[in-house]
Number of protein chains: 2
Amino acid sequence: MQLNRQVKTTFLSVSDVRHLIEREGLYNCLAGMAQDIESDFLHWKEFRKSPRTASHTKDGVIELMPISNARQFAFKYVNGHPYNHRFGLPTVMAFGVLADVATGAPHFISELTLTTALRTAATSAVAARALARPGSKIMAVIGNGAQSEFQVAAFAHLLGIQEFRLYDISMDATRKLVDNMRHMGLDAKPCANVESAVKGADIVTTLTADKNRATVITPTMIEPGMHLNAVGGDCPGKTEVHPDVLRRARVFVEYEPQTRMEGEIQQMPAHFEVTELWQVLARQAPGRSNNEEVTLFDSVGFALEDFSALRYWKTLAGHWHVGQRLDLVPQLEDPRNLFACLRMGQECEV
Amino acid sequence: MQLNRQVKTTFLSVSDVRHLIEREGLYNCLAGMAQDIESDFLHWKEFRKSPRTASHTKDGVIELMPISNARQFAFKYVNGHPYNHRFGLPTVMAFGVLADVATGAPHFISELTLTTALRTAATSAVAARALARPGSKIMAVIGNGAQSEFQVAAFAHLLGIQEFRLYDISMDATRKLVDNMRHMGLDAKPCANVESAVKGADIVTTLTADKNRATVITPTMIEPGMHLNAVGGDCPGKTEVHPDVLRRARVFVEYEPQTRMEGEIQQMPAHFEVTELWQVLARQAPGRSNNEEVTLFDSVGFALEDFSALRYWKTLAGHWHVGQRLDLVPQLEDPRNLFACLRMGQECEV
């Protein structure tokens with residue numbers, strides 16, 4: 001008789017994730033996720049990495065983002081459809097899976113729409129802690145869409161940012177962000193244009209979503225010592241920052257082969273110098289060298305961050321007994337007798 | 001105010017799939033799936049295809065298999081761990097997803113462990129209908145593991161095979177297959193070795209699972225007019241058929257770029273001639289040209305077959321009202337206000 005080690009697949013729904021965030025608090029979740037992301041980045045070389053596979057159409061993109069270490073395989077399904085709001089749908093929808101490398105058993109499935117916003121903000125905060133000027137207090141937030149609240153929360157809590165200057169081409173978007181920030185007890189300063197939002201800021205976060213080459217940040221806006229957290233440009237043909245800004249700054253990336261295709265640096269030649277963030281975290285490469293230097297984190301979102309987020313939720317879900325069992329994998333008396341599971345009802349109408 | 005077109009994600013569990021097979025009958029499911037596979041193969045050029053991404057370790061492989069046409073994106077998660085039975089787990093576990101290309105919304109998730117066995121058998125039958133000698137009555141089944149019953153059912157029902165000759169290095173496996181075939185009302189002839197099973201057979205199906213180069217079928221076993229349905233060799237380093245058998249036969253494949261890496265033809269030079277099955281189905285290339293020719297379907301399993309299987313289940317699930325709603329994507333009043341779904345409980349503990 002076989003040892004029957006059944007596959008238990010846990011599903012973490014949207015309301016489960018909301019429940020976990022309510023239990024732990026948003027700030028603690030961002031801090032915990034940032035900690036797991038930083039810890040996984042420090043084990044960079046143990047991960048089997050590849051650029052995500054992307055299926056582009058005129059309306060948007062659908063991506064699969066796999067990554068694994070010796071124990072766990074993870075992947076995320078995620079789309080990016082900038083015009084989805086016309087149908088009342090989110091621009092980005094995502095879910096992800098954790099599986100055992102030793103057996104291939106998928107044991108955890110989670111919503112990642114909300115989570116992608118959290119892990120992106122947590123990653124931005126990890127990068128900014130390593131790269132922004134110590135004592136940074138003012139952040140400009142250009143693009144006030146679905147991700148902006150999460151960035152603001154992460155930078156308020158994890159970096160101590162006190163002043164947020166907001167700009168979006170849509171005043172509705174800014175009003176929505178102001179309202180949500182008030183709910184978090186954070187003070188917001190809406191600005192009339194990009195220039196006035198950026199002027200005097202220690203950190204500039206760009207979160208625009210247009211699927212086009214745009215130039216949101218131009219060289220004249222850049223001041224010595226600024227840190228740019230460039231989040232919006234994240235697929236081929238989609239950029240936010242003028243090439244001369246990239247030339248002026250020291251540029252840091254998540255995973256170079258992917259960022260060359262998708263990030264701001266897609267505008268630059270292949271030999272344009274960048275540093276991978278993990279090297280700075282592991283003290284294998286210098287981060288910011290002085291208070292005058294301009295640093296830029298060319299964030300596109302990398303599979304490792306989802307790996308970290310999934311394992312963060314999995315631990316928390318176990319702790320709080322949240323999530324449901326999913327009947328995803330057949331439970332077999334004898335695993336070589338798959339057909340038997342069609343016979344269980346005694347009669348199998350073949 | 002936005003039109004709120006919510007994303008409804010349906011989940012089809014293992015017991016849901018069992019329920020659908022009970023309702024429709026196994027034979028009808030195999031026939032329906034074969035029909036959808038054949039129909040999708042006839043629209044071959046409308047699909048955006050790529051070889052699957054595979055993550056190999058010493059224990060097995062985990063793969064993601066994406067494919068899309070203008071309307072739907074599909075992918076399958078599937079592992080292959082030949083020693084999983086030691087842990088009481090299936091060798092192959094799988095699930096899959098259908099999403100709208102226009103919005104990226106994932107609207108259907110299904111178990112695909114059982115389904116992979118069904119769609120593989122249905123694809124083998126589609127290929128054999130086009131390639132095996134008309135009037136074939138005898139099939140050898142080499143390898144009597146988890147997939148064998150499904151192959152037998154498909155060939156009995158869709159090709160009219162009347163005599164099945166079985167061989168496996170494990171007598172337990174053969175006994176299990178005989179028992180399941182009796183349940184289907186089919187007659188089985190266990191054989192003492194591969195040679196005696198293959199001798200005089202019209203069709204030879206190989207379903208062995210060892211993750212090594214094996215030579216299950218040798219040139220001396222081959223008789224004029226045979227059709228070989230080579231299913232087991234399906235990843236780099238895993239083959240079942242002697243290279244001289246491939247030289248003797250006309251070889252047909254699903255998707256050439258993938259089969260060159262994974263199929264029996266990985267043993268052959270890059271210019272070794274093969275024909276893609278869809279070309280035969282679409283009458284753009286000849287299939288079998290006479291009753292003496294040896295044909296070989298070098299099956300590795302292609303994403304398009306899972307696309308077909310997923311849309312088959314989706315239609316059937318709708319018809320029989322089977323499946324459950326999954327809370328996978330946030331339902332938002334305003335899709336640009338993702339943060340609002342953390343505020344619903346009035347108080348959001350940030």
# chains A, B, ... in the order shown; residues from 1 in each chain; ligands from 1
call {"tool": "interface_residues", "arguments": {"of": "chain B", "to": "chain A", "cutoff": "7 Å", "atoms": "only C-alpha atoms", "output": "ChimeraX atom specification"}}
result
/B:2-6,13-14,18,22,25-27,59,62,79,81,84-85,87-90,93,102-105,111,113,145-146,149,184,327-330,334-339,342,348-350
call {"tool": "select_by_dssp", "arguments": {"residues": "segment 45-294 of chain A", "states": "strand (DSSP E or B)", "output": "tab-separated table (two decimals) with N, CA, C and O atoms, in the first residue's frame"}}
result
chain	number	residue	atom	x	y	z
A	48	ARG	N	16.17	30.47	-10.12
A	48	ARG	CA	16.19	30.23	-11.55
A	48	ARG	C	15.29	31.29	-12.19
A	48	ARG	O	14.08	31.29	-11.98
A	53	THR	N	7.13	35.67	-20.10
A	53	THR	CA	6.60	35.52	-21.45
A	53	THR	C	5.42	36.47	-21.57
A	53	THR	O	4.56	36.52	-20.70
A	54	ALA	N	5.40	37.24	-22.64
A	54	ALA	CA	4.37	38.26	-22.80
A	54	ALA	C	3.66	38.07	-24.12
A	54	ALA	O	4.28	37.85	-25.15
A	55	SER	N	2.33	38.12	-24.08
A	55	SER	CA	1.53	38.03	-25.29
A	55	SER	C	0.86	39.39	-25.50
A	55	SER	O	-0.09	39.74	-24.80
A	56	HIS	N	1.40	40.16	-26.44
A	56	HIS	CA	0.92	41.52	-26.68
A	56	HIS	C	-0.15	41.55	-27.76
A	56	HIS	O	-0.03	40.88	-28.78
A	61	VAL	N	-1.64	43.42	-22.77
A	61	VAL	CA	-0.66	42.34	-22.71
A	61	VAL	C	-1.10	41.34	-21.64
A	61	VAL	O	-1.72	41.70	-20.64
A	62	ILE	N	-0.83	40.05	-21.89
A	62	ILE	CA	-1.03	39.00	-20.88
A	62	ILE	C	0.31	38.33	-20.66
A	62	ILE	O	0.98	37.94	-21.62
A	63	GLU	N	0.71	38.23	-19.40
A	63	GLU	CA	2.05	37.71	-19.09
A	63	GLU	C	2.00	36.54	-18.12
A	63	GLU	O	1.13	36.48	-17.24
A	64	LEU	N	2.97	35.65	-18.27
A	64	LEU	CA	3.22	34.59	-17.30
A	64	LEU	C	4.62	34.79	-16.75
A	64	LEU	O	5.57	34.96	-17.51
A	65	MET	N	4.75	34.81	-15.43
A	65	MET	CA	6.02	35.13	-14.79
A	65	MET	C	6.45	34.00	-13.86
A	65	MET	O	6.11	33.99	-12.69
A	66	PRO	N	7.24	33.05	-14.37
A	66	PRO	CA	7.70	31.94	-13.54
A	66	PRO	C	9.04	32.23	-12.86
A	66	PRO	O	9.85	33.01	-13.37
A	67	ILE	N	9.24	31.62	-11.72
A	67	ILE	CA	10.54	31.68	-11.03
A	67	ILE	C	10.59	30.52	-10.04
A	67	ILE	O	9.54	30.04	-9.59
A	68	SER	N	11.79	30.04	-9.72
A	68	SER	CA	11.88	28.96	-8.74
A	68	SER	C	13.21	28.98	-8.02
A	68	SER	O	14.20	29.51	-8.53
A	72	GLN	N	10.76	25.76	-4.12
A	72	GLN	CA	9.45	26.22	-4.57
A	72	GLN	C	9.49	26.80	-5.98
A	72	GLN	O	10.42	27.52	-6.34
A	73	PHE	N	8.44	26.49	-6.72
A	73	PHE	CA	8.20	27.10	-8.02
A	73	PHE	C	7.01	28.04	-7.86
A	73	PHE	O	6.03	27.69	-7.23
A	74	ALA	N	7.14	29.24	-8.43
A	74	ALA	CA	6.02	30.18	-8.38
A	74	ALA	C	5.80	30.76	-9.76
A	74	ALA	O	6.73	30.86	-10.56
A	75	PHE	N	4.54	31.11	-10.05
A	75	PHE	CA	4.33	31.93	-11.24
A	75	PHE	C	3.14	32.84	-10.99
A	75	PHE	O	2.30	32.59	-10.13
A	76	LYS	N	3.14	33.93	-11.76
A	76	LYS	CA	2.01	34.86	-11.73
A	76	LYS	C	1.41	34.97	-13.12
A	76	LYS	O	2.14	35.03	-14.12
A	77	TYR	N	0.10	34.97	-13.20
A	77	TYR	CA	-0.64	35.39	-14.40
A	77	TYR	C	-1.00	36.84	-14.18
A	77	TYR	O	-1.55	37.19	-13.12
A	78	VAL	N	-0.68	37.70	-15.14
A	78	VAL	CA	-1.06	39.11	-14.99
A	78	VAL	C	-1.29	39.74	-16.36
A	78	VAL	O	-0.61	39.42	-17.33
A	79	ASN	N	-2.31	40.59	-16.42
A	79	ASN	CA	-2.54	41.33	-17.67
A	79	ASN	C	-2.23	42.81	-17.44
A	79	ASN	O	-2.06	43.26	-16.30
A	80	GLY	N	-2.17	43.55	-18.52
A	80	GLY	CA	-2.07	45.00	-18.46
A	80	GLY	C	-2.87	45.55	-19.63
A	80	GLY	O	-2.44	45.45	-20.78
A	94	ALA	N	-4.57	39.86	-11.63
A	94	ALA	CA	-3.51	38.87	-11.48
A	94	ALA	C	-3.87	37.81	-10.46
A	94	ALA	O	-4.68	38.04	-9.56
A	95	PHE	N	-3.28	36.64	-10.65
A	95	PHE	CA	-3.29	35.63	-9.60
A	95	PHE	C	-1.99	34.85	-9.70
A	95	PHE	O	-1.29	34.93	-10.70
A	96	GLY	N	-1.66	34.09	-8.65
A	96	GLY	CA	-0.39	33.39	-8.65
A	96	GLY	C	-0.47	32.07	-7.93
A	96	GLY	O	-1.44	31.78	-7.22
A	97	VAL	N	0.56	31.27	-8.13
A	97	VAL	CA	0.59	29.90	-7.65
A	97	VAL	C	1.96	29.57	-7.06
A	97	VAL	O	2.98	30.01	-7.59
A	98	LEU	N	1.95	28.82	-5.96
A	98	LEU	CA	3.17	28.22	-5.42
A	98	LEU	C	3.07	26.71	-5.57
A	98	LEU	O	2.02	26.13	-5.30
A	99	ALA	N	4.18	26.08	-5.99
A	99	ALA	CA	4.20	24.62	-6.13
A	99	ALA	C	5.51	24.08	-5.56
A	99	ALA	O	6.52	24.77	-5.51
A	100	ASP	N	5.45	22.80	-5.15
A	100	ASP	CA	6.65	22.10	-4.68
A	100	ASP	C	7.51	21.69	-5.86
A	100	ASP	O	7.03	20.99	-6.74
A	106	PRO	N	0.85	21.73	-6.96
A	106	PRO	CA	0.48	23.14	-6.72
A	106	PRO	C	-0.27	23.23	-5.40
A	106	PRO	O	-1.34	22.66	-5.26
A	107	HIS	N	0.31	23.90	-4.41
A	107	HIS	CA	-0.29	23.85	-3.07
A	107	HIS	C	-0.90	25.16	-2.61
A	107	HIS	O	-1.55	25.21	-1.57
A	108	PHE	N	-0.71	26.23	-3.39
A	108	PHE	CA	-1.23	27.53	-2.95
A	108	PHE	C	-1.57	28.39	-4.17
A	108	PHE	O	-0.73	28.55	-5.06
A	109	ILE	N	-2.80	28.87	-4.21
A	109	ILE	CA	-3.23	29.77	-5.28
A	109	ILE	C	-3.79	31.02	-4.63
A	109	ILE	O	-4.59	30.92	-3.70
A	110	SER	N	-3.37	32.17	-5.09
A	110	SER	CA	-3.85	33.41	-4.47
A	110	SER	C	-4.21	34.46	-5.50
A	110	SER	O	-3.61	34.53	-6.58
A	111	GLU	N	-5.21	35.25	-5.17
A	111	GLU	CA	-5.44	36.49	-5.90
A	111	GLU	C	-4.15	37.28	-5.83
A	111	GLU	O	-3.44	37.28	-4.81
A	138	ILE	N	9.96	64.52	1.20
A	138	ILE	CA	8.96	64.98	0.23
A	138	ILE	C	8.95	64.05	-0.99
A	138	ILE	O	10.00	63.78	-1.57
A	139	MET	N	7.77	63.57	-1.35
A	139	MET	CA	7.66	62.73	-2.55
A	139	MET	C	6.62	63.31	-3.50
A	139	MET	O	5.52	63.66	-3.09
A	140	ALA	N	7.00	63.39	-4.79
A	140	ALA	CA	6.02	63.71	-5.84
A	140	ALA	C	5.45	62.41	-6.36
A	140	ALA	O	6.18	61.44	-6.55
A	141	VAL	N	4.13	62.39	-6.56
A	141	VAL	CA	3.46	61.20	-7.09
A	141	VAL	C	2.79	61.58	-8.40
A	141	VAL	O	1.74	62.25	-8.41
A	142	ILE	N	3.40	61.16	-9.51
A	142	ILE	CA	2.89	61.52	-10.84
A	142	ILE	C	2.15	60.33	-11.41
A	142	ILE	O	2.74	59.29	-11.69
A	163	GLU	N	5.46	64.55	3.18
A	163	GLU	CA	4.72	65.42	2.27
A	163	GLU	C	4.59	64.76	0.91
A	163	GLU	O	5.59	64.38	0.30
A	164	PHE	N	3.36	64.62	0.45
A	164	PHE	CA	3.09	64.01	-0.84
A	164	PHE	C	2.49	65.04	-1.79
A	164	PHE	O	1.46	65.63	-1.49
A	165	ARG	N	3.16	65.24	-2.93
A	165	ARG	CA	2.66	66.20	-3.92
A	165	ARG	C	2.14	65.42	-5.12
A	165	ARG	O	2.86	64.65	-5.73
A	166	LEU	N	0.87	65.63	-5.42
A	166	LEU	CA	0.17	64.76	-6.35
A	166	LEU	C	-0.12	65.45	-7.68
A	166	LEU	O	-0.55	66.60	-7.70
A	167	TYR	N	0.07	64.70	-8.77
A	167	TYR	CA	-0.40	65.20	-10.05
A	167	TYR	C	-0.87	64.05	-10.93
A	167	TYR	O	-0.26	62.99	-10.98
A	188	ALA	N	-2.17	65.37	1.74
A	188	ALA	CA	-1.87	65.38	0.31
A	188	ALA	C	-1.87	66.79	-0.23
A	188	ALA	O	-2.67	67.62	0.19
A	189	LYS	N	-0.94	67.08	-1.15
A	189	LYS	CA	-0.93	68.38	-1.80
A	189	LYS	C	-1.10	68.22	-3.31
A	189	LYS	O	-0.12	67.97	-4.01
A	190	PRO	N	-2.31	68.38	-3.81
A	190	PRO	CA	-2.51	68.31	-5.25
A	190	PRO	C	-1.77	69.46	-5.93
A	190	PRO	O	-1.73	70.57	-5.38
A	203	ILE	N	12.01	62.55	-3.58
A	203	ILE	CA	11.72	61.33	-4.35
A	203	ILE	C	10.60	61.65	-5.35
A	203	ILE	O	9.64	62.34	-5.01
A	204	VAL	N	10.76	61.15	-6.58
A	204	VAL	CA	9.73	61.34	-7.60
A	204	VAL	C	9.26	59.95	-8.04
A	204	VAL	O	10.06	59.17	-8.56
A	205	THR	N	7.99	59.67	-7.80
A	205	THR	CA	7.42	58.38	-8.19
A	205	THR	C	6.51	58.59	-9.39
A	205	THR	O	5.60	59.41	-9.34
A	206	THR	N	6.79	57.85	-10.47
A	206	THR	CA	5.94	57.95	-11.67
A	206	THR	C	5.16	56.66	-11.83
A	206	THR	O	5.70	55.57	-11.82
A	213	ARG	N	4.98	55.62	-25.65
A	213	ARG	CA	6.14	56.37	-25.18
A	213	ARG	C	5.64	57.74	-24.75
A	213	ARG	O	5.07	58.47	-25.53
A	214	ALA	N	5.86	58.02	-23.49
A	214	ALA	CA	5.47	59.34	-23.00
A	214	ALA	C	6.72	59.95	-22.36
A	214	ALA	O	7.66	59.24	-22.04
A	215	THR	N	6.73	61.25	-22.22
A	215	THR	CA	7.86	61.87	-21.53
A	215	THR	C	7.28	62.70	-20.40
A	215	THR	O	7.00	63.88	-20.53
A	216	VAL	N	7.07	62.02	-19.28
A	216	VAL	CA	6.47	62.65	-18.13
A	216	VAL	C	7.52	63.46	-17.38
A	216	VAL	O	7.26	64.55	-16.90
A	217	ILE	N	8.71	62.87	-17.29
A	217	ILE	CA	9.80	63.53	-16.56
A	217	ILE	C	10.89	63.98	-17.55
A	217	ILE	O	11.45	63.15	-18.26
A	227	HIS	N	15.84	61.07	-5.99
A	227	HIS	CA	15.67	59.65	-6.33
A	227	HIS	C	14.40	59.50	-7.15
A	227	HIS	O	13.33	59.95	-6.72
A	228	LEU	N	14.52	58.86	-8.31
A	228	LEU	CA	13.34	58.63	-9.15
A	228	LEU	C	12.92	57.17	-9.04
A	228	LEU	O	13.73	56.27	-9.21
A	229	ASN	N	11.65	57.00	-8.72
A	229	ASN	CA	11.05	55.68	-8.59
A	229	ASN	C	10.11	55.52	-9.78
A	229	ASN	O	8.95	55.91	-9.74
A	230	ALA	N	10.67	54.97	-10.89
A	230	ALA	CA	9.95	54.97	-12.17
A	230	ALA	C	9.23	53.65	-12.36
A	230	ALA	O	9.82	52.65	-12.76
A	235	CYS	N	6.61	47.98	-20.13
A	235	CYS	CA	6.55	47.01	-21.22
A	235	CYS	C	7.04	47.67	-22.50
A	235	CYS	O	7.16	48.89	-22.57
A	238	LYS	N	6.48	51.38	-23.81
A	238	LYS	CA	5.84	52.17	-22.74
A	238	LYS	C	6.92	52.73	-21.82
A	238	LYS	O	7.53	52.00	-21.03
A	239	THR	N	7.17	54.03	-21.94
A	239	THR	CA	8.17	54.69	-21.10
A	239	THR	C	7.64	56.02	-20.58
A	239	THR	O	6.65	56.55	-21.10
A	240	GLU	N	8.28	56.54	-19.55
A	240	GLU	CA	7.80	57.77	-18.90
A	240	GLU	C	8.88	58.84	-18.78
A	240	GLU	O	8.58	59.99	-18.48
A	241	VAL	N	10.15	58.43	-18.93
A	241	VAL	CA	11.26	59.31	-18.57
A	241	VAL	C	12.09	59.65	-19.80
A	241	VAL	O	12.38	58.76	-20.62
A	250	ARG	N	22.21	57.57	-12.05
A	250	ARG	CA	22.66	56.18	-11.95
A	250	ARG	C	21.41	55.31	-11.91
A	250	ARG	O	20.48	55.56	-11.13
A	251	VAL	N	21.38	54.30	-12.76
A	251	VAL	CA	20.14	53.54	-12.96
A	251	VAL	C	20.25	52.15	-12.34
A	251	VAL	O	21.24	51.43	-12.56
A	252	PHE	N	19.23	51.80	-11.57
A	252	PHE	CA	19.17	50.50	-10.89
A	252	PHE	C	17.95	49.74	-11.40
A	252	PHE	O	16.89	50.33	-11.66
A	253	VAL	N	18.11	48.43	-11.57
A	253	VAL	CA	17.04	47.61	-12.14
A	253	VAL	C	16.83	46.37	-11.28
A	253	VAL	O	17.66	46.05	-10.43
A	275	THR	N	22.79	48.85	-12.68
A	275	THR	CA	23.17	47.98	-11.56
A	275	THR	C	21.92	47.24	-11.10
A	275	THR	O	20.86	47.85	-10.96
A	276	GLU	N	22.04	45.95	-10.87
A	276	GLU	CA	20.89	45.21	-10.35
A	276	GLU	C	20.75	45.48	-8.85
A	276	GLU	O	21.73	45.46	-8.10
call {"tool": "closest_residue", "arguments": {"among": "A:Asp40, A:Asp179, A:Asp234, A:Glu46", "to": "Arg260 of chain A", "atoms": "only C-alpha atoms"}}
result
A:Asp234
call {"tool": "closest_residue", "arguments": {"among": "B:Pro51, B:Ala121, B:Val194, B:Ala154", "to": "Glu262 of chain B", "atoms": "only C-alpha atoms"}}
result
B:Pro51
call {"tool": "select_by_dssp", "arguments": {"residues": "segment 118-235 of chain A", "states": "helix (DSSP H, G or I)", "output": "number ranges by chain"}}
result
A: 118-131, 148-159, 171-184, 194-198, 219-221
call {"tool": "residues_around", "arguments": {"residues": "Ala130 of chain A", "least_positions_apart": "5", "cutoff": "8 Å", "atoms": "only C-alpha atoms", "output": "list in words"}}
result
Val280, Leu281, Gly287 and Arg288 of chain A
call {"tool": "write_last_selection", "arguments": {"atoms": "all heavy atoms", "output": "PDB file, in the first residue's frame"}}
result
ATOM      1  N   VAL A 280      23.196  45.879  -4.722  1.00  0.00           N
ATOM      2  CA  VAL A 280      23.293  46.958  -3.735  1.00  0.00           C
ATOM      3  C   VAL A 280      22.879  46.434  -2.360  1.00  0.00           C
ATOM      4  O   VAL A 280      23.561  46.677  -1.355  1.00  0.00           O
ATOM      5  CB  VAL A 280      22.402  48.157  -4.143  1.00  0.00           C
ATOM      6  CG1 VAL A 280      22.494  49.270  -3.102  1.00  0.00           C
ATOM      7  CG2 VAL A 280      22.782  48.662  -5.530  1.00  0.00           C
ATOM      8  N   LEU A 281      21.761  45.680  -2.325  1.00  0.00           N
ATOM      9  CA  LEU A 281      21.282  45.151  -1.050  1.00  0.00           C
ATOM     10  C   LEU A 281      22.315  44.215  -0.426  1.00  0.00           C
ATOM     11  O   LEU A 281      22.506  44.202   0.792  1.00  0.00           O
ATOM     12  CB  LEU A 281      19.949  44.407  -1.251  1.00  0.00           C
ATOM     13  CG  LEU A 281      18.793  45.240  -1.813  1.00  0.00           C
ATOM     14  CD1 LEU A 281      17.584  44.355  -2.086  1.00  0.00           C
ATOM     15  CD2 LEU A 281      18.422  46.389  -0.880  1.00  0.00           C
ATOM     16  N   GLY A 287      25.510  51.698  -3.860  1.00  0.00           N
ATOM     17  CA  GLY A 287      24.241  52.356  -4.141  1.00  0.00           C
ATOM     18  C   GLY A 287      24.523  53.834  -4.394  1.00  0.00           C
ATOM     19  O   GLY A 287      25.406  54.174  -5.181  1.00  0.00           O
ATOM     20  N   ARG A 288      23.789  54.699  -3.723  1.00  0.00           N
ATOM     21  CA  ARG A 288      24.048  56.142  -3.818  1.00  0.00           C
ATOM     22  C   ARG A 288      25.413  56.447  -3.195  1.00  0.00           C
ATOM     23  O   ARG A 288      25.714  55.969  -2.105  1.00  0.00           O
ATOM     24  CB  ARG A 288      22.927  56.870  -3.095  1.00  0.00           C
ATOM     25  CG  ARG A 288      23.189  58.340  -2.789  1.00  0.00           C
ATOM     26  CD  ARG A 288      22.016  58.974  -2.075  1.00  0.00           C
ATOM     27  NE  ARG A 288      20.840  59.031  -2.943  1.00  0.00           N
ATOM     28  CZ  ARG A 288      20.640  59.983  -3.873  1.00  0.00           C
ATOM     29  NH1 ARG A 288      21.533  60.957  -4.034  1.00  0.00           N
ATOM     30  NH2 ARG A 288      19.560  59.958  -4.613  1.00  0.00           N
TER      31      ARG A 288
END
